[in-house]
Amino acid sequence: MKGKTAEQILDVAQDLVRRLGYSAFSYADISDQIGIRKASIHYHFPAKDELVKALVQRYRVLFQQQRQQIEQATSDPEQQLLRFAQLYQVGLQNNQLCLCNMLTADFAVLPDAIRQELKAFFAENETWLAKVLSKWILSGTAYSQVPVEVLAAQLLATLQGAQLLARASDASEERFSQIMTSFLGQLKREP
């Protein structure tokens with residue numbers, strides 16, 4: 001199923017969802033961009049819900065790979081958090097939000113299978129962030145009175161919200177960076 005055409009469909013659908021949301025795209029939009037008939041899209045993904053579920057599954061794998069790359073690039077937890085935040089900032093260059101952030105706005109109307117994928121995406125990222133935050137705090141260079149699991153959820157919510165606020169700003173990347181620098185700066189211990 002993961003042939004060249006299926007990957008093209010997923011790429012275009014992901015861009016559309018990240019820019020417009022779940023309800024604002026159709027198979028006709030994908031068909032127009034790729035230059036194939038809608039029936040060809042239905043061959044690979046019989047229903048929009050199946051396509052979106054495959055998108056979220058692929059996005060989860062991408063984030064897992066990116067978290068691993070971050071860990072391989074640096075062992076400094078503060079740097080790991082900054083690099084993770086950059087994953088969210090990069091999308092703003094293309095007027096895109098996190099795929100799962102966009103889909104969560106439509107959470108109530110999504111099929112259960114997609115909702116479960118979204119929950120898994122956020123849980124995986126919260127778990128990873130809690131691990132990194134714990135290392136940062138244990139290093140003695142950061143401090144929080146909040147349990148790391150709660151702090152991880154706050155950080156993820158801040159990333160998601162910062163994307164939304166930044167998108168509405170004239171200087172979106174600058175606004176995003178300002179929000180994230182402030183959030184992480186509050187955790188640093190004074191020398």
# chains A, B, ... in the order shown; residues from 1 in each chain; ligands from 1

call {"tool": "residues_around", "arguments": {"residues": "region 88-104 of chain A", "least_positions_apart": "2", "cutoff": "10 Å", "atoms": "only C-alpha atoms", "output": "MDAnalysis selection string"}}
result
chainID A and resid 14:23 52 55:56 59:60 83:86 106:110 114:115 117:119 121:122 157 159:164 166:167 172:177 180

call {"tool": "residues_around", "arguments": {"residues": "Thr141 (chain A)", "least_positions_apart": "3", "cutoff": "8 Å", "atoms": "only C-alpha atoms", "output": "PyMOL selection string"}}
result
chain A and resi 136-138+188-189

call {"tool": "closest_residue", "arguments": {"among": "A:Ile30, A:Leu151, A:Leu156, A:Ala142", "to": "Ala123 (chain A)", "atoms": "only C-alpha atoms"}}
result
A:Leu156

call {"tool": "atom_distance", "arguments": {"atom1": "CA of Tyr143 (chain A)", "atom2": "CA of Leu187 (chain A)"}}
result
5.3 Å

call {"tool": "residues_around", "arguments": {"residues": "Gln68 (chain A)", "least_positions_apart": "6", "cutoff": "12 Å", "atoms": "only C-alpha atoms", "output": "VMD selection string"}}
result
chain A and resid 61 to 62 74 to 75 80 83 to 84 125 128

call {"tool": "atom_distance", "arguments": {"atom1": "CA of Leu10 (chain A)", "atom2": "CA of Ala28 (chain A)"}}
result
13.8 Å

call {"tool": "atom_distance", "arguments": {"atom1": "CA of Asp29 (chain A)", "atom2": "CA of Leu51 (chain A)"}}
result
13.6 Å
